[in-house]
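As provided, input-v1.txt (compact mmCIF, C-alpha atoms) reads as follows.
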```txt
# COMPACT_ATOMS: atom_id res chain seq x y z
CA MET A 1 -1.26 18.33 -5.25
CA VAL A 2 -0.07 17.93 -8.76
CA SER A 3 2.78 20.20 -9.78
CA GLN A 4 6.12 21.78 -9.02
CA ARG A 5 4.29 24.89 -8.01
CA CYS A 6 2.33 23.05 -5.33
CA LYS A 7 5.54 21.50 -4.05
CA MET A 8 7.13 24.93 -3.60
CA LEU A 9 4.06 26.26 -1.91
CA VAL A 10 3.93 23.43 0.61
CA SER A 11 7.64 23.69 1.24
CA ALA A 12 7.32 27.42 1.94
CA GLU A 13 4.41 26.92 4.33
CA LEU A 14 6.29 24.22 6.22
CA ASP A 15 9.36 26.44 6.48
CA LYS A 16 7.24 29.32 7.74
CA LEU A 17 6.00 27.14 10.60
CA GLY A 18 9.50 25.85 11.25
CA ILE A 19 8.49 22.26 10.53
CA GLY A 20 11.53 20.27 9.45
CA HIS A 21 10.81 18.26 6.32
CA GLU A 22 12.36 16.27 3.53
CA PRO A 23 11.96 17.40 -0.09
CA VAL A 24 8.27 17.72 -0.87
CA ASN A 25 6.94 15.03 -3.20
CA LEU A 26 3.82 15.15 -5.29
CA GLY A 27 1.03 14.19 -2.93
CA PHE A 28 3.01 13.85 0.26
CA VAL A 29 5.90 15.13 2.35
CA ALA A 30 7.92 13.31 4.99
CA LEU A 31 8.49 15.29 8.19
CA ILE A 32 11.75 15.00 10.02
CA GLU A 33 10.35 15.40 13.52
CA ASP A 34 6.97 15.04 15.20
CA VAL A 35 4.64 17.99 14.86
CA THR A 36 2.18 19.32 17.41
CA ILE A 37 -1.57 19.33 16.81
CA GLU A 38 -1.38 23.14 16.77
CA GLN A 39 1.24 23.14 14.03
CA LEU A 40 -0.82 20.71 11.99
CA ASP A 41 -3.97 22.80 12.40
CA GLN A 42 -2.09 25.93 11.43
CA LEU A 43 -0.68 24.17 8.35
CA LYS A 44 -4.21 23.11 7.36
CA VAL A 45 -5.38 26.71 7.67
CA ASN A 46 -2.41 28.09 5.75
CA LEU A 47 -2.71 25.63 2.89
CA GLN A 48 -6.45 26.06 2.46
CA PRO A 49 -6.36 29.36 0.52
CA SER A 50 -4.22 27.62 -2.10
CA GLY A 51 -6.81 24.92 -2.53
CA LEU A 52 -4.50 22.32 -1.04
CA GLU A 53 -6.02 19.92 1.38
CA LEU A 54 -4.10 18.23 4.13
CA LEU A 55 -5.31 14.66 3.93
CA ASP A 56 -6.31 12.87 7.04
CA ASP A 57 -3.91 10.04 7.69
CA LYS A 58 -6.32 7.37 6.54
CA ARG A 59 -6.57 8.48 2.91
CA ASN A 60 -2.92 9.36 2.74
CA ILE A 61 -1.79 6.04 4.13
CA LEU A 62 -4.14 4.22 1.79
CA VAL A 63 -2.57 5.80 -1.30
CA GLU A 64 0.88 5.00 0.07
CA ARG A 65 -0.18 1.39 0.55
CA ILE A 66 -1.49 1.17 -3.03
CA LYS A 67 1.78 2.62 -4.32
CA ASN A 68 3.80 0.15 -2.28
CA VAL A 69 1.76 -2.83 -3.50
CA ILE A 70 2.35 -1.75 -7.12
CA ILE A 71 6.06 -1.00 -6.68
CA GLU A 72 6.63 -4.29 -4.93
CA MET A 73 4.64 -6.12 -7.58
CA ILE A 74 6.65 -4.63 -10.46
CA HIS A 75 10.10 -4.02 -9.04
CA TYR A 76 10.59 -6.59 -6.31
CA SER A 77 8.68 -9.70 -7.37
CA GLU A 78 10.01 -12.67 -9.30
CA GLU A 79 7.02 -12.57 -11.58
CA LEU A 80 3.90 -10.51 -12.05
CA PRO A 81 0.59 -11.84 -10.73
CA LYS A 82 -1.47 -13.86 -13.18
CA GLU A 83 -4.74 -12.27 -12.11
CA ASN A 84 -5.93 -8.77 -13.12
CA TYR A 85 -3.95 -5.98 -11.47
CA SER A 86 -7.20 -4.54 -10.16
CA ASP A 87 -8.12 -7.83 -8.46
CA TYR A 88 -4.59 -8.21 -7.15
CA ILE A 89 -4.44 -4.72 -5.62
CA SER A 90 -7.94 -4.98 -4.24
CA ARG A 91 -7.11 -8.35 -2.64
CA LYS A 92 -3.81 -7.12 -1.19
CA ILE A 93 -5.40 -4.06 0.40
CA GLY A 94 -8.71 -5.69 1.21
CA LEU A 95 -10.88 -2.91 -0.20
CA ASP A 96 -13.07 -2.41 -3.26
CA TYR A 97 -11.05 -1.45 -6.36
CA THR A 98 -13.35 1.37 -7.51
CA TYR A 99 -12.97 3.00 -4.13
CA LEU A 100 -9.17 2.65 -4.21
CA SER A 101 -9.00 3.84 -7.78
CA ASN A 102 -10.96 7.04 -7.09
CA ILE A 103 -8.90 8.01 -4.08
CA PHE A 104 -5.68 7.30 -5.95
CA SER A 105 -6.62 9.44 -8.96
CA GLU A 106 -7.70 12.35 -6.76
CA VAL A 107 -4.59 12.31 -4.61
CA LYS A 108 -1.96 11.48 -7.23
CA GLY A 109 -3.43 13.15 -10.30
CA ILE A 110 -2.87 9.96 -12.28
CA THR A 111 -4.84 6.72 -12.49
CA ILE A 112 -3.63 3.48 -10.89
CA GLN A 113 -3.50 1.97 -14.35
CA GLN A 114 -1.29 4.76 -15.69
CA PHE A 115 0.94 4.51 -12.60
CA ILE A 116 1.39 0.80 -13.32
CA ILE A 117 2.23 1.44 -16.98
CA VAL A 118 4.85 4.05 -16.08
CA HIS A 119 6.49 1.69 -13.60
CA LYS A 120 6.41 -1.22 -16.01
CA ILE A 121 8.20 0.88 -18.63
CA GLU A 122 10.75 1.89 -16.00
CA LYS A 123 11.26 -1.81 -15.36
CA VAL A 124 11.58 -2.51 -19.09
CA LYS A 125 14.39 0.05 -19.31
CA GLU A 126 16.11 -1.50 -16.32
CA MET A 127 15.82 -5.03 -17.70
CA MET A 128 17.23 -3.88 -21.03
CA LEU A 129 20.16 -1.97 -19.58
CA TYR A 130 20.97 -3.90 -16.44
CA ASP A 131 19.93 -7.48 -17.19
CA GLN A 132 20.84 -7.39 -20.87
CA LEU A 133 17.54 -9.05 -21.70
CA SER A 134 15.98 -9.05 -25.15
CA LEU A 135 12.70 -7.25 -25.67
CA LYS A 136 11.04 -10.54 -26.43
CA GLU A 137 12.13 -11.98 -23.09
CA ILE A 138 11.03 -8.81 -21.31
CA SER A 139 7.62 -8.76 -22.94
CA TYR A 140 7.14 -12.35 -21.79
CA ARG A 141 8.31 -11.68 -18.23
CA LEU A 142 6.20 -8.55 -17.83
CA ASN A 143 3.03 -10.17 -19.18
CA TYR A 144 2.71 -8.14 -22.37
CA SER A 145 0.37 -9.79 -24.84
CA SER A 146 2.89 -9.31 -27.64
CA LEU A 147 6.18 -7.70 -28.53
CA GLY A 148 4.26 -5.14 -30.55
CA HIS A 149 2.16 -4.17 -27.53
CA LEU A 150 5.30 -3.59 -25.47
CA SER A 151 6.96 -1.56 -28.25
CA ASN A 152 3.90 0.65 -28.64
CA GLN A 153 3.57 1.29 -24.94
CA PHE A 154 7.28 2.02 -24.67
CA LYS A 155 7.05 4.54 -27.48
CA LYS A 156 3.94 6.11 -26.01
CA ILE A 157 5.50 6.68 -22.59
CA THR A 158 9.07 7.60 -23.52
CA GLY A 159 8.77 8.98 -27.06
CA LEU A 160 11.68 6.69 -27.89
CA SER A 161 11.81 3.44 -29.78
CA PRO A 162 13.01 0.29 -28.01
CA SER A 163 15.76 0.07 -30.63
CA PHE A 164 17.16 3.37 -29.36
CA PHE A 165 17.42 1.75 -25.94
CA LYS A 166 19.04 -1.26 -27.53
CA LYS A 167 21.78 1.15 -28.62
CA LEU A 168 22.12 2.41 -25.05
CA GLN A 169 22.31 -1.19 -23.86
CA LYS A 170 25.36 -1.68 -26.08
CA LYS A 171 26.98 1.60 -25.04
CA ARG A 172 26.53 0.80 -21.36
CA ALA A 173 27.83 -2.74 -21.81
CA HIS A 174 30.84 -1.29 -23.59
CA ASN A 175 31.51 1.00 -20.60
CA LEU A 176 31.40 -1.97 -18.26
CA GLU A 177 33.93 -3.93 -20.28
CA PHE A 178 36.63 -1.71 -18.81
CA PHE A 179 36.34 -3.66 -15.58
CA MET B 1 24.12 21.15 -7.08
CA GLU B 2 22.63 18.79 -9.65
CA ILE B 3 24.56 15.76 -10.77
CA TYR B 4 23.31 14.34 -14.08
CA LEU B 5 23.70 10.68 -14.86
CA LYS B 6 23.34 8.36 -17.82
CA TYR B 7 21.68 4.95 -17.56
CA MET B 8 19.92 5.68 -14.29
CA VAL B 9 16.44 4.49 -15.12
CA SER B 10 14.77 2.71 -12.24
CA ILE B 11 14.38 2.08 -8.54
CA ARG B 12 17.28 -0.37 -8.64
CA CYS B 13 19.60 2.29 -10.12
CA ARG B 14 18.47 4.84 -7.56
CA MET B 15 19.35 2.37 -4.80
CA ILE B 16 22.79 1.87 -6.30
CA ALA B 17 23.38 5.62 -6.41
CA LYS B 18 22.07 6.05 -2.87
CA ASN B 19 24.43 3.38 -1.54
CA GLU B 20 27.44 4.92 -3.25
CA LEU B 21 26.59 8.38 -1.96
CA GLU B 22 26.18 7.06 1.56
CA SER B 23 29.37 5.06 1.49
CA LEU B 24 31.23 8.25 0.51
CA ALA B 25 29.31 10.20 3.17
CA ILE B 26 27.97 12.66 0.61
CA PRO B 27 24.61 14.01 1.79
CA HIS B 28 21.86 14.14 -0.84
CA ARG B 29 18.53 15.87 -1.15
CA ASN B 30 16.91 13.95 -3.93
CA ILE B 31 17.60 11.04 -6.23
CA GLU B 32 15.51 10.59 -9.33
CA ALA B 33 15.84 9.13 -12.81
CA GLY B 34 18.98 10.64 -14.33
CA MET B 35 19.67 13.07 -11.52
CA ILE B 36 20.98 13.44 -7.98
CA VAL B 37 20.55 16.68 -6.07
CA ILE B 38 23.05 17.38 -3.31
CA PRO B 39 23.00 20.34 -0.93
CA SER B 40 26.58 21.42 -1.52
CA ARG B 41 29.12 21.12 -4.34
CA LEU B 42 31.24 18.03 -4.82
CA THR B 43 34.89 18.51 -4.04
CA ALA B 44 37.31 17.46 -6.78
CA SER B 45 38.19 14.29 -4.93
CA GLN B 46 34.55 13.44 -4.17
CA ASP B 47 33.73 13.97 -7.84
CA LYS B 48 36.50 11.63 -8.89
CA LEU B 49 35.57 8.90 -6.42
CA LEU B 50 31.83 9.03 -7.04
CA ARG B 51 32.37 9.09 -10.80
CA ALA B 52 34.57 6.01 -10.64
CA ARG B 53 32.30 4.06 -8.31
CA LEU B 54 29.14 4.77 -10.30
CA PHE B 55 30.90 3.98 -13.56
CA LYS B 56 31.79 0.60 -12.18
CA MET B 57 28.06 -0.02 -11.64
CA GLY B 58 27.25 1.08 -15.17
CA ILE B 59 26.03 4.57 -14.29
CA GLU B 60 27.87 7.42 -15.97
CA MET B 61 28.23 10.91 -14.49
CA LEU B 62 28.04 13.65 -17.08
CA SER B 63 30.91 16.03 -17.74
CA ARG B 64 30.44 19.70 -16.90
CA GLU B 65 29.85 20.53 -20.59
CA SER B 66 27.23 17.81 -21.04
CA SER B 67 25.48 18.81 -17.80
CA GLU B 68 25.20 22.34 -19.15
CA ILE B 69 23.53 21.05 -22.30
CA ILE B 70 20.89 19.23 -20.23
CA GLU B 71 20.34 22.34 -18.12
CA GLN B 72 20.02 24.46 -21.22
CA ILE B 73 17.41 22.17 -22.74
CA VAL B 74 15.39 22.13 -19.52
CA ARG B 75 15.61 25.92 -19.26
CA SER B 76 14.67 26.49 -22.90
CA VAL B 77 11.62 24.25 -22.62
CA ASP B 78 10.52 25.94 -19.41
CA GLU B 79 10.91 29.44 -20.86
CA MET B 80 9.02 28.47 -23.98
CA ILE B 81 6.10 26.84 -22.17
CA ASN B 82 5.71 29.56 -19.60
CA GLY B 83 6.55 32.37 -21.98
CA PRO B 84 3.88 34.58 -23.53
CA SER B 85 4.08 33.35 -27.11
CA LEU B 86 3.85 29.57 -26.94
CA ARG B 87 0.62 29.61 -28.95
CA SER B 88 2.42 31.07 -31.96
CA VAL B 89 5.39 28.71 -31.82
CA LYS B 90 5.51 26.63 -35.01
CA HIS B 91 8.10 24.09 -34.01
CA GLU B 92 8.37 23.52 -30.31
CA ASP B 93 11.77 21.94 -30.62
CA ALA B 94 13.10 24.87 -32.68
CA PHE B 95 15.52 25.87 -29.93
CA ILE B 96 17.42 22.72 -30.71
CA ALA B 97 16.44 22.19 -34.35
CA ASN B 98 18.21 25.43 -35.32
CA ARG B 99 21.53 23.86 -34.49
CA SER B 100 23.71 21.80 -36.80
CA LYS B 101 22.62 18.27 -37.58
CA SER B 102 25.43 16.70 -35.59
CA GLU B 103 24.62 18.90 -32.60
CA VAL B 104 20.93 18.03 -32.79
CA ASP B 105 21.80 14.34 -32.80
CA PHE B 106 24.20 14.70 -29.91
CA TRP B 107 21.81 16.79 -27.79
CA SER B 108 18.84 14.52 -28.46
CA GLU B 109 20.75 11.38 -27.64
CA LEU B 110 22.33 12.88 -24.53
CA PHE B 111 18.95 14.05 -23.24
CA ALA B 112 17.37 10.65 -23.80
CA GLU B 113 20.29 8.88 -22.14
CA VAL B 114 19.85 11.01 -19.03
CA LYS B 115 16.08 11.48 -18.80
CA GLY B 116 15.02 8.21 -20.41
CA ILE B 117 12.53 10.08 -22.62
CA SER B 118 12.82 12.08 -25.84
CA ILE B 119 12.98 15.89 -25.85
CA LYS B 120 9.64 15.98 -27.63
CA GLN B 121 8.07 13.80 -24.97
CA TYR B 122 9.61 16.00 -22.28
CA ILE B 123 8.10 19.13 -23.83
CA LEU B 124 4.71 17.44 -23.95
CA SER B 125 4.93 16.28 -20.34
CA GLN B 126 5.77 19.81 -19.19
CA LYS B 127 2.85 21.20 -21.16
CA ILE B 128 0.51 18.71 -19.50
CA GLU B 129 1.85 19.72 -16.06
CA SER B 130 1.05 23.36 -16.83
CA VAL B 131 -2.41 22.47 -18.10
CA LYS B 132 -3.04 20.61 -14.82
CA VAL B 133 -2.19 23.72 -12.83
CA HIS B 134 -4.56 25.83 -14.92
CA LEU B 135 -7.38 23.32 -14.60
CA LEU B 136 -7.04 23.44 -10.83
CA TYR B 137 -6.36 27.12 -10.30
CA SER B 138 -7.81 29.09 -13.19
CA ASP B 139 -11.23 29.36 -14.79
CA LYS B 140 -9.88 29.02 -18.30
CA LYS B 141 -11.84 26.66 -20.51
CA VAL B 142 -10.15 23.59 -21.93
CA LYS B 143 -10.50 25.19 -25.37
CA GLU B 144 -8.56 28.27 -24.21
CA LEU B 145 -5.90 26.07 -22.67
CA SER B 146 -5.56 24.04 -25.83
CA SER B 147 -4.69 27.16 -27.79
CA GLN B 148 -2.57 28.72 -25.03
CA PHE B 149 -0.45 25.59 -24.87
CA ASN B 150 -0.27 25.17 -28.60
CA PHE B 151 -2.26 21.97 -28.99
CA ARG B 152 -3.71 21.39 -32.44
CA SER B 153 -7.22 21.07 -31.04
CA VAL B 154 -9.20 20.44 -27.88
CA GLU B 155 -9.36 16.83 -28.95
CA SER B 156 -5.59 16.64 -29.18
CA LEU B 157 -5.18 18.18 -25.71
CA ARG B 158 -7.66 15.65 -24.33
CA ASN B 159 -5.84 12.75 -25.93
CA GLU B 160 -2.42 13.81 -24.69
CA PHE B 161 -3.77 14.54 -21.22
CA LYS B 162 -5.28 11.09 -21.12
CA LYS B 163 -2.07 9.53 -22.40
CA PHE B 164 -0.06 11.03 -19.54
CA THR B 165 -2.47 10.80 -16.63
CA GLY B 166 -5.09 8.26 -17.65
CA LEU B 167 -7.62 10.94 -16.71
CA THR B 168 -9.71 13.47 -18.61
CA PRO B 169 -9.27 17.24 -18.22
CA SER B 170 -12.85 17.42 -16.93
CA PHE B 171 -11.97 15.04 -14.08
CA TYR B 172 -9.36 17.60 -13.07
CA ARG B 173 -11.85 20.44 -13.22
CA GLN B 174 -14.07 18.47 -10.86
CA LEU B 175 -11.24 18.31 -8.34
CA LYS B 176 -11.19 22.08 -8.38
CA SER B 177 -14.84 22.41 -7.42
CA LYS B 178 -14.46 19.60 -4.89
CA ARG B 179 -11.95 21.75 -3.08
CA GLY B 180 -14.78 24.21 -2.63
CA GLU B 181 -14.68 27.65 -1.16
CA GLY B 182 -11.01 27.84 -0.32
CA ILE B 183 -10.03 28.37 -3.89
CA GLU B 184 -12.27 31.42 -4.32
CA HIS B 185 -10.37 33.30 -1.63
CA ARG B 186 -7.01 32.57 -3.05
CA PRO B 187 -5.23 35.82 -3.85
CA LYS B 188 -4.90 36.45 -7.57
CA ASP B 189 -1.58 35.29 -8.85
CA GLU B 190 0.36 38.16 -10.40
CA SER B 191 2.96 36.04 -12.07
CA GLY B 192 0.56 33.56 -13.66
CA PRO B 193 0.13 30.08 -12.31
CA THR B 194 2.89 28.32 -14.19
CA LYS B 195 5.73 30.77 -13.78
CA MET B 196 7.10 28.96 -10.78
CA SER B 197 7.05 25.50 -12.25
CA ALA B 198 10.82 25.32 -12.56
CA SER B 199 12.36 24.52 -9.24
```
Translate this file's structure into structure tokens.
Amino acid sequence: MVSQRCKMLVSAELDKLGIGHEPVNLGFVALIEDVTIEQLDQLKVNLQPSGLELLDDKRNILVERIKNVIIEMIHYSEELPKENYSDYISRKIGLDYTYLSNIFSEVKGITIQQFIIVHKIEKVKEMMLYDQLSLKEISYRLNYSSLGHLSNQFKKITGLSPSFFKKLQKKRAHNLEFF
Amino acid sequence: MEIYLKYMVSIRCRMIAKNELESLAIPHRNIEAGMIVIPSRLTASQDKLLRARLFKMGIEMLSRESSEIIEQIVRSVDEMINGPSLRSVKHEDAFIANRSKSEVDFWSELFAEVKGISIKQYILSQKIESVKVHLLYSDKKVKELSSQFNFRSVESLRNEFKKFTGLTPSFYRQLKSKRGEGIEHRPKDESGPTKMSAS
């Protein structure tokens, strides 16, 4: 499940069956109430012609766990692990990395590695705007091998230069001075 | 309605926005980078309160005029990508480049402040999303897709695809066959697979 179109499709099928749900995300949807086995079977049947597969809980939960490990690692930890991300994730989940990596790519339509990069850049933006940190400090804290490496990755993901964000940092800080 | 915001870039910012919405008892559907979706319209007093509270946290709600600019950019990109003549478009950012220099600068900066990415990058990301849909649901060859979506070459499509997803287009094709029979029986899509991509 990889696009807006899939989201709309799933949403429509859920509505048809009267299954209350939260906004459909790529790869998963949270249901508001418990569903019956019959409803679930019907949903499976209805989604099948669109090529969408209702994952059994095990695979689904596994991808959620991988996501949570990564988000916690990047957004909620004091510092990033010193070991390889692949070793770290594999150790946290207790399963072989190749196995995890394949399931993740198939379900999310993006590799674990790419998912990590996107979240790290999100964190870079946050550290620039909200912690007023310099790029040099950020590249150190987020384990980039050099300032240049961070700048390149930032440009590659956002299409913007870090110096543009530096400008935003100033604008935002200026806003806050009113208080 | 959609509320557009500047400087909302990460999970931490989304938590801030969520807390403010909840403390004002404003229900929300979705909170993402640069945007909150709420099921109804803000009343004038809600608007004023939310604006002030978010501003205090360093998140800026866009004015009506600025919100319309963001919406117009998103709409223009969507129409271009899903329109019939993308392959003959010379400059994909022409819809904005035709404007005056000061307007181009203002629009570009505003967009980046809200979305956290450049307009060019946004266009590219939307093209990749559409390519994904075609790889999964159509039989078009990567070569056809590269010309339909105005990539310079197959190689360039591959590189950009890899840059965004970490995966190759052929990996995506594999997913299609993995899904097996079901796909064959899918009714032909009259409107073309990407028409619905704007939600």
Nearest to chain A, restricted to all atoms listed in the file and choosing among B:Ala44, B:Leu110, B:Ala17, B:Leu50, comes out as B:Leu110
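Residues surrounding Ile138 (chain A) within 8 Å are Val124, Met127, Met128 and Leu133 of chain A [all atoms listed in the file; sequence separation below 5 positions excluded].
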Smallest atom-to-atom distance to chain B: which of A:Glu38, A:Glu177, A:Glu126, A:Asp131, using all atoms listed in the file?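 Nearest to chain B: A:Glu126.
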**Asked** Counting only C-alpha atoms, which residues come within 8 Å of (30.9, -1.1, -15.1), with the point read in the file's coordinates, and could you list them as a PyMOL selection string?
**Response** (chain A and resi 172-173+175-179) or (chain B and resi 54-59)
Min atom-atom distance to chain A from the set B:Arg173, B:Lys48, B:Arg64, B:Lys18, counting all atoms listed in the file, belongs to B:Arg173
Practice item. For chain A, report every residue with an atom at most 9 Å from chain B (counting all atoms listed in the file), formatted as a VMD selection string. Key: chain A and resid 2 to 6 8 22 to 23 48 to 53 75 105 to 106 109 to 115 119 122 to 123 125 to 126 129 to 130 156 to 160 164 to 165 168 to 169 172 to 173 175 to 176 178 to 179
From CA of Leu17 (chain A) to CA of Val35 (chain A) the spacing works out at 10.2 Å
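From CA of Asn19 (chain B) back to CA of Val69 (chain A), the distance works out to 23.6 Å.
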What would the list of residues within 8 Å of (4.9, 28.4, -29.1) (file frame) look like as a PDB file with C-alpha atoms, in the frame of the given file, if only C-alpha atoms are what count?
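Below is the file that was written, part18.pdb:
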```
ATOM      1  CA  MET B  80       9.020  28.470 -23.980  1.00  0.00           C
ATOM      2  CA  ILE B  81       6.100  26.840 -22.170  1.00  0.00           C
ATOM      3  CA  SER B  85       4.080  33.350 -27.110  1.00  0.00           C
ATOM      4  CA  LEU B  86       3.850  29.570 -26.940  1.00  0.00           C
ATOM      5  CA  ARG B  87       0.620  29.610 -28.950  1.00  0.00           C
ATOM      6  CA  SER B  88       2.420  31.070 -31.960  1.00  0.00           C
ATOM      7  CA  VAL B  89       5.390  28.710 -31.820  1.00  0.00           C
ATOM      8  CA  LYS B  90       5.510  26.630 -35.010  1.00  0.00           C
ATOM      9  CA  HIS B  91       8.100  24.090 -34.010  1.00  0.00           C
ATOM     10  CA  GLU B  92       8.370  23.520 -30.310  1.00  0.00           C
ATOM     11  CA  PHE B 149      -0.450  25.590 -24.870  1.00  0.00           C
ATOM     12  CA  ASN B 150      -0.270  25.170 -28.600  1.00  0.00           C
TER      13      ASN B 150
END
```
What separates CA of Val154 (chain B) and CA of Val131 (chain B) is a distance of 12.1 Å
